[in-house]
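This report concerns only the one structure given below.
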There are 2 protein chains.
Amino acid sequence: MRVVVPFDAREPKTRLSGVLDGPERSAFARAMLRDVLDAVRSAGGEPAVLATADVDVGVPVTVDERSLTPAINDRLGAADVPLAIVMGDLALAVPDAVERLLDADGPVVLVPGRGGGTNALVVREPAFHVDFHGASFRDHRRIASEAGIDPSVVDSYRLSTDVDEPADLVEVLLHGEGRAAAWLEDEGFELVVNDGRVDVGRD
Amino acid sequence: MRVVVPFDAREPKTRLSGVLDGPERSAFARAMLRDVLDAVRSAGGEPAVLATADVDVGVPVTVDERSLTPAINDRLGAADVPLAIVMGDLALAVPDAVERLLDADGPVVLVPGRGGGTNALVVREPAFHVDFHGASFRDHRRIASEAGIDPSVVDSYRLSTDVDEPADLVEVLLHGEGRAAAWLEDEGFELVVNDGRVDVGRD
């Protein structure tokens, strides 16, 4: 299946600016993207990046400067389904988890993101469209329902974990198996346990 | 399989004190516990509660005032395995997710909790013991490794979501299917979307 992987190539991961400067955020975001592309390929998907600016990661890249919703909806015509969408910041993605997504049955398959978002979809029904603003998981259920579709949901901690905020780096250090976790370790990040609470520190 | 469900019956969910007063936290914690017990029963498990004080939820309750680590380890003797442990605050637990846990192969099965914790385990090897303080998922991997065990990991967003902080209520409102979600709705909680970010409000 073709898998579109959205990526912000211009100002990625601004909510990490308290712990990573601009060049670091760019490098870390690209490490996560490469981890996602590896997992998609190993799961048998054919990845292509949809980016806000050109990026060199060894797969086809389409540059679209618009926001994600119109950029994706332009690709959801009848000629384009089935199509999967897997966000480029799922640093815990592994082949098994992506396989569960691509193998899930149904006209629309959703993977929730923590905090109300949608981290991945499979669309087999061209009447469906996306809306990534706000509580997109709720909106995607509503859009599916309005099209007479009962969406399937894949229950994966790995795919539900998108990396936006410093607290998310705990998950990457503990459960990441690829370049993003290695990049954090190389940059001196490590787990810090204070009073039973787990955080990240940097040496 | 026997499933121990730990529950703090005395001062549950103190990190929710900014949004729920004491009696509310107690009622909400009990709603979550009942959801977990329902999911365990529907998945074919035999639940028993391990609580810091007596609680009436229609299943056997053992009161143990100690912290969780010694209370669980006392139950991990050879006569007691296989034994599953499923935390009482997994408000998104559904039978399918618990079935995946109970059906997972291996001498030790772990489910990570967000933030470094361990939300559920299956123990079939009495040489294993638990340590719930701090980054317990890392510790449980180490303890398993020292016993020559390669632990299995179940990848479930539902089981990885324990409810500790106000932000976690977003997950319950969006994805909960039981008493805890209904309780929040009855108490006037709802999703609020501001600037694309999703939070909870109370009317």
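Identifiers in this document derive from the order of the structure tokens: chains are assigned A, B, ..., residues are numbered from 1 separately in each chain, and ligands are numbered from 1 in order of occurrence.
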Could you write out chain B as an mmCIF file with C-alpha atoms, in the first residue's frame once it has been least-squares superposed on chain A using every ordered C-alpha pair?
data_model
loop_
_atom_site.group_PDB
_atom_site.id
_atom_site.type_symbol
_atom_site.label_atom_id
_atom_site.label_comp_id
_atom_site.auth_asym_id
_atom_site.auth_seq_id
_atom_site.Cartn_x
_atom_site.Cartn_y
_atom_site.Cartn_z
ATOM 1 C CA MET B 1 0.006 -0.004 0.007
ATOM 2 C CA ARG B 2 1.131 3.529 -0.672
ATOM 3 C CA VAL B 3 1.851 5.377 2.580
ATOM 4 C CA VAL B 4 2.029 9.174 2.735
ATOM 5 C CA VAL B 5 4.270 10.419 5.534
ATOM 6 C CA PRO B 6 3.661 14.112 6.321
ATOM 7 C CA PHE B 7 6.660 16.093 7.518
ATOM 8 C CA ASP B 8 7.224 19.733 8.444
ATOM 9 C CA ALA B 9 10.624 20.408 6.893
ATOM 10 C CA ARG B 10 10.707 24.120 7.725
ATOM 11 C CA GLU B 11 10.048 24.607 11.447
ATOM 12 C CA PRO B 12 9.676 21.139 12.887
ATOM 13 C CA LYS B 13 8.895 20.429 16.530
ATOM 14 C CA THR B 14 8.691 23.985 17.853
ATOM 15 C CA ARG B 15 7.263 22.696 21.160
ATOM 16 C CA LEU B 16 10.669 21.127 21.823
ATOM 17 C CA SER B 17 12.370 24.525 21.709
ATOM 18 C CA GLY B 18 12.873 24.485 25.487
ATOM 19 C CA VAL B 19 15.258 21.537 25.191
ATOM 20 C CA LEU B 20 16.529 21.597 21.577
ATOM 21 C CA ASP B 21 17.708 24.555 19.473
ATOM 22 C CA GLY B 22 16.670 24.989 15.857
ATOM 23 C CA PRO B 23 19.342 22.860 14.128
ATOM 24 C CA GLU B 24 18.877 20.158 16.796
ATOM 25 C CA ARG B 25 15.108 20.084 16.283
ATOM 26 C CA SER B 26 15.703 19.756 12.555
ATOM 27 C CA ALA B 27 18.162 16.875 13.008
ATOM 28 C CA PHE B 28 15.947 15.093 15.549
ATOM 29 C CA ALA B 29 12.836 15.495 13.367
ATOM 30 C CA ARG B 30 14.718 13.974 10.411
ATOM 31 C CA ALA B 31 15.876 11.059 12.576
ATOM 32 C CA MET B 32 12.267 10.380 13.558
ATOM 33 C CA LEU B 33 11.160 10.633 9.922
ATOM 34 C CA ARG B 34 13.776 8.102 8.850
ATOM 35 C CA ASP B 35 12.624 5.723 11.613
ATOM 36 C CA VAL B 36 9.043 5.985 10.367
ATOM 37 C CA LEU B 37 10.109 5.401 6.747
ATOM 38 C CA ASP B 38 12.133 2.338 7.784
ATOM 39 C CA ALA B 39 9.199 0.886 9.723
ATOM 40 C CA VAL B 40 6.805 1.499 6.809
ATOM 41 C CA ARG B 41 9.158 -0.151 4.295
ATOM 42 C CA SER B 42 9.793 -3.133 6.575
ATOM 43 C CA ALA B 43 6.033 -3.527 6.994
ATOM 44 C CA GLY B 44 5.662 -3.784 3.218
ATOM 45 C CA GLY B 45 4.382 -0.260 2.608
ATOM 46 C CA GLU B 46 5.585 2.071 -0.132
ATOM 47 C CA PRO B 47 6.391 5.351 1.618
ATOM 48 C CA ALA B 48 6.384 8.814 0.082
ATOM 49 C CA VAL B 49 6.981 12.002 2.029
ATOM 50 C CA LEU B 50 4.594 14.958 1.880
ATOM 51 C CA ALA B 51 6.650 17.892 3.126
ATOM 52 C CA THR B 52 6.418 21.671 3.449
ATOM 53 C CA ALA B 53 9.877 21.983 1.865
ATOM 54 C CA ASP B 54 12.272 19.602 0.155
ATOM 55 C CA VAL B 55 13.987 16.990 2.304
ATOM 56 C CA ASP B 56 16.472 14.302 1.290
ATOM 57 C CA VAL B 57 15.549 10.988 2.899
ATOM 58 C CA GLY B 58 15.840 8.504 0.058
ATOM 59 C CA VAL B 59 12.140 8.269 -0.868
ATOM 60 C CA PRO B 60 9.953 10.335 -3.217
ATOM 61 C CA VAL B 61 9.059 13.731 -1.743
ATOM 62 C CA THR B 62 6.125 15.933 -2.724
ATOM 63 C CA VAL B 63 6.429 19.535 -1.565
ATOM 64 C CA ASP B 64 3.129 21.168 -0.607
ATOM 65 C CA GLU B 65 3.261 24.393 1.367
ATOM 66 C CA ARG B 66 -0.381 24.272 2.433
ATOM 67 C CA SER B 67 -1.541 22.953 5.777
ATOM 68 C CA LEU B 68 -1.956 19.220 6.163
ATOM 69 C CA THR B 69 -5.720 18.991 5.708
ATOM 70 C CA PRO B 70 -5.990 20.326 2.117
ATOM 71 C CA ALA B 71 -2.682 18.718 1.147
ATOM 72 C CA ILE B 72 -3.961 15.274 2.165
ATOM 73 C CA ASN B 73 -7.496 15.744 0.885
ATOM 74 C CA ASP B 74 -6.145 16.518 -2.594
ATOM 75 C CA ARG B 75 -4.675 13.022 -2.537
ATOM 76 C CA LEU B 76 -7.853 11.213 -1.473
ATOM 77 C CA GLY B 77 -9.564 10.975 -4.848
ATOM 78 C CA ALA B 78 -10.924 7.677 -6.112
ATOM 79 C CA ALA B 79 -7.768 6.938 -8.100
ATOM 80 C CA ASP B 80 -5.642 7.191 -5.008
ATOM 81 C CA VAL B 81 -7.230 4.806 -2.512
ATOM 82 C CA PRO B 82 -6.244 2.656 -0.751
ATOM 83 C CA LEU B 83 -3.900 5.123 0.855
ATOM 84 C CA ALA B 84 -2.320 5.142 4.283
ATOM 85 C CA ILE B 85 -1.177 8.254 6.130
ATOM 86 C CA VAL B 86 1.418 7.857 8.885
ATOM 87 C CA MET B 87 2.757 10.927 10.663
ATOM 88 C CA GLY B 88 6.500 11.517 10.441
ATOM 89 C CA ASP B 89 7.002 12.003 14.190
ATOM 90 C CA LEU B 90 6.027 8.541 15.401
ATOM 91 C CA ALA B 91 9.473 7.799 16.802
ATOM 92 C CA LEU B 92 8.339 4.506 18.361
ATOM 93 C CA ALA B 93 7.008 3.059 15.102
ATOM 94 C CA VAL B 94 8.262 -0.465 14.442
ATOM 95 C CA PRO B 95 7.391 -2.805 11.546
ATOM 96 C CA ASP B 96 4.971 -4.934 13.641
ATOM 97 C CA ALA B 97 2.893 -1.910 14.601
ATOM 98 C CA VAL B 98 2.759 -0.567 11.034
ATOM 99 C CA GLU B 99 1.809 -4.041 9.794
ATOM 100 C CA ARG B 100 -1.134 -4.093 12.182
ATOM 101 C CA LEU B 101 -2.225 -0.777 10.668
ATOM 102 C CA LEU B 102 -1.843 -1.815 7.026
ATOM 103 C CA ASP B 103 -3.492 -5.197 7.678
ATOM 104 C CA ALA B 104 -6.479 -3.789 9.570
ATOM 105 C CA ASP B 105 -9.759 -4.309 7.706
ATOM 106 C CA GLY B 106 -12.332 -1.659 6.952
ATOM 107 C CA PRO B 107 -13.030 1.290 4.661
ATOM 108 C CA VAL B 108 -11.412 3.667 7.164
ATOM 109 C CA VAL B 109 -8.865 2.707 9.827
ATOM 110 C CA LEU B 110 -7.826 5.234 12.487
ATOM 111 C CA VAL B 111 -5.002 5.365 15.020
ATOM 112 C CA PRO B 112 -5.561 7.917 17.776
ATOM 113 C CA GLY B 113 -2.785 10.210 18.887
ATOM 114 C CA ARG B 114 -2.478 11.192 22.487
ATOM 115 C CA GLY B 115 -4.266 14.491 23.133
ATOM 116 C CA GLY B 116 -7.121 14.102 20.663
ATOM 117 C CA GLY B 117 -5.173 13.797 17.430
ATOM 118 C CA THR B 118 -5.010 11.188 14.693
ATOM 119 C CA ASN B 119 -1.558 9.702 14.137
ATOM 120 C CA ALA B 120 -2.276 7.333 11.276
ATOM 121 C CA LEU B 121 -5.072 6.313 8.923
ATOM 122 C CA VAL B 122 -5.857 3.881 6.156
ATOM 123 C CA VAL B 123 -8.430 5.150 3.688
ATOM 124 C CA ARG B 124 -10.036 2.702 1.248
ATOM 125 C CA GLU B 125 -13.213 4.750 0.689
ATOM 126 C CA PRO B 126 -12.791 7.938 -1.399
ATOM 127 C CA ALA B 127 -15.924 9.507 0.177
ATOM 128 C CA PHE B 128 -13.871 10.023 3.352
ATOM 129 C CA HIS B 129 -11.831 13.168 3.915
ATOM 130 C CA VAL B 130 -9.527 14.316 6.673
ATOM 131 C CA ASP B 131 -9.590 17.288 9.047
ATOM 132 C CA PHE B 132 -6.473 17.526 11.164
ATOM 133 C CA HIS B 133 -7.343 20.676 13.074
ATOM 134 C CA GLY B 134 -8.198 20.359 16.778
ATOM 135 C CA ALA B 135 -9.703 17.139 18.137
ATOM 136 C CA SER B 136 -9.165 15.365 14.842
ATOM 137 C CA PHE B 137 -9.874 11.856 16.114
ATOM 138 C CA ARG B 138 -13.411 12.899 17.063
ATOM 139 C CA ASP B 139 -13.786 14.741 13.758
ATOM 140 C CA HIS B 140 -12.588 11.726 11.773
ATOM 141 C CA ARG B 141 -15.131 9.502 13.518
ATOM 142 C CA ARG B 142 -17.849 12.043 12.675
ATOM 143 C CA ILE B 143 -16.747 12.414 9.041
ATOM 144 C CA ALA B 144 -16.727 8.627 8.674
ATOM 145 C CA SER B 145 -20.136 8.339 10.280
ATOM 146 C CA GLU B 146 -21.592 10.980 7.930
ATOM 147 C CA ALA B 147 -20.318 8.868 5.008
ATOM 148 C CA GLY B 148 -22.009 5.769 6.474
ATOM 149 C CA ILE B 149 -18.677 4.287 7.538
ATOM 150 C CA ASP B 150 -17.933 2.623 10.868
ATOM 151 C CA PRO B 151 -14.187 3.215 11.243
ATOM 152 C CA SER B 152 -11.838 0.567 12.617
ATOM 153 C CA VAL B 153 -9.360 1.617 15.287
ATOM 154 C CA VAL B 154 -5.883 0.124 15.767
ATOM 155 C CA ASP B 155 -4.861 -0.038 19.429
ATOM 156 C CA SER B 156 -1.103 0.621 19.449
ATOM 157 C CA TYR B 157 0.832 2.528 22.068
ATOM 158 C CA ARG B 158 3.722 2.870 19.623
ATOM 159 C CA LEU B 159 1.625 4.461 16.894
ATOM 160 C CA SER B 160 -0.361 6.597 19.364
ATOM 161 C CA THR B 161 2.831 8.222 20.632
ATOM 162 C CA ASP B 162 3.719 11.268 18.560
ATOM 163 C CA VAL B 163 6.658 13.305 19.789
ATOM 164 C CA ASP B 164 5.793 16.944 20.393
ATOM 165 C CA GLU B 165 6.846 17.931 23.899
ATOM 166 C CA PRO B 166 9.824 17.370 26.185
ATOM 167 C CA ALA B 167 7.879 14.765 28.217
ATOM 168 C CA ASP B 168 7.554 12.680 25.051
ATOM 169 C CA LEU B 169 11.342 12.250 24.964
ATOM 170 C CA VAL B 170 10.988 9.876 27.949
ATOM 171 C CA GLU B 171 9.040 7.533 25.677
ATOM 172 C CA VAL B 172 11.666 7.756 22.924
ATOM 173 C CA LEU B 173 14.559 7.022 25.303
ATOM 174 C CA LEU B 174 12.735 4.083 26.894
ATOM 175 C CA HIS B 175 11.018 2.495 23.927
ATOM 176 C CA GLY B 176 12.643 3.839 20.757
ATOM 177 C CA GLU B 177 14.652 1.338 18.733
ATOM 178 C CA GLY B 178 16.015 3.485 15.931
ATOM 179 C CA ARG B 179 17.789 6.638 14.921
ATOM 180 C CA ALA B 180 15.739 9.066 17.039
ATOM 181 C CA ALA B 181 16.557 7.276 20.298
ATOM 182 C CA ALA B 182 20.214 6.947 19.270
ATOM 183 C CA TRP B 183 20.338 10.645 18.376
ATOM 184 C CA LEU B 184 19.020 11.643 21.817
ATOM 185 C CA GLU B 185 21.547 9.378 23.536
ATOM 186 C CA ASP B 186 24.397 10.744 21.405
ATOM 187 C CA GLU B 187 23.337 14.266 22.373
ATOM 188 C CA GLY B 188 23.569 13.403 26.052
ATOM 189 C CA PHE B 189 19.914 12.926 26.926
ATOM 190 C CA GLU B 190 19.120 10.386 29.612
ATOM 191 C CA LEU B 191 16.319 9.390 31.944
ATOM 192 C CA VAL B 192 16.250 11.108 35.324
ATOM 193 C CA VAL B 193 14.132 9.702 38.148
ATOM 194 C CA ASN B 194 13.106 12.214 40.834
ATOM 195 C CA ASP B 195 10.702 11.265 43.618
ATOM 196 C CA GLY B 196 9.414 8.390 41.535
ATOM 197 C CA ARG B 197 8.709 10.649 38.526
ATOM 198 C CA VAL B 198 10.592 10.051 35.303
ATOM 199 C CA ASP B 199 11.917 12.927 33.215
ATOM 200 C CA VAL B 200 14.763 13.568 30.788
ATOM 201 C CA GLY B 201 18.001 15.368 31.563
ATOM 202 C CA ARG B 202 20.996 16.259 29.425
ATOM 203 C CA ASP B 203 24.582 15.880 30.545
#
Next on the checklist: Please extract the residues of region 9-67 of chain A with a backbone DSSP assignment of strand (DSSP E) and present them as an MDAnalysis selection string.
Outcome noted: chainID A and resid 46:51 61:63
Just write the chosen residues, N, CA and C atoms, as a PDB file, in the first residue's frame.
ATOM      1  N   GLU A  46       4.764   1.283   0.803  1.00  0.00           N
ATOM      2  CA  GLU A  46       5.592   2.073  -0.124  1.00  0.00           C
ATOM      3  C   GLU A  46       5.512   3.523   0.322  1.00  0.00           C
ATOM      4  N   PRO A  47       6.503   4.007   1.074  1.00  0.00           N
ATOM      5  CA  PRO A  47       6.390   5.353   1.634  1.00  0.00           C
ATOM      6  C   PRO A  47       6.741   6.453   0.651  1.00  0.00           C
ATOM      7  N   ALA A  48       6.048   7.571   0.794  1.00  0.00           N
ATOM      8  CA  ALA A  48       6.386   8.806   0.099  1.00  0.00           C
ATOM      9  C   ALA A  48       6.172   9.931   1.090  1.00  0.00           C
ATOM     10  N   VAL A  49       7.064  10.904   1.068  1.00  0.00           N
ATOM     11  CA  VAL A  49       6.973  12.005   2.034  1.00  0.00           C
ATOM     12  C   VAL A  49       6.179  13.157   1.428  1.00  0.00           C
ATOM     13  N   LEU A  50       5.315  13.736   2.249  1.00  0.00           N
ATOM     14  CA  LEU A  50       4.593  14.959   1.887  1.00  0.00           C
ATOM     15  C   LEU A  50       5.129  16.040   2.812  1.00  0.00           C
ATOM     16  N   ALA A  51       5.912  16.972   2.259  1.00  0.00           N
ATOM     17  CA  ALA A  51       6.645  17.899   3.116  1.00  0.00           C
ATOM     18  C   ALA A  51       6.373  19.341   2.728  1.00  0.00           C
ATOM     19  N   VAL A  61       9.570  12.647  -2.579  1.00  0.00           N
ATOM     20  CA  VAL A  61       9.061  13.742  -1.748  1.00  0.00           C
ATOM     21  C   VAL A  61       8.170  14.650  -2.601  1.00  0.00           C
ATOM     22  N   THR A  62       6.972  14.931  -2.116  1.00  0.00           N
ATOM     23  CA  THR A  62       6.120  15.946  -2.733  1.00  0.00           C
ATOM     24  C   THR A  62       6.130  17.159  -1.817  1.00  0.00           C
ATOM     25  N   VAL A  63       6.437  18.319  -2.373  1.00  0.00           N
ATOM     26  CA  VAL A  63       6.417  19.543  -1.568  1.00  0.00           C
ATOM     27  C   VAL A  63       5.061  20.215  -1.731  1.00  0.00           C
TER      28      VAL A  63
END
Next on the checklist: I need the helix (DSSP H, G or I) residues of chain B per DSSP on the backbone, written as a PyMOL selection string.
Outcome noted: chain B and resi 14-16+22-42+68-73+95-103+136-146+157-160+168-175+179-186
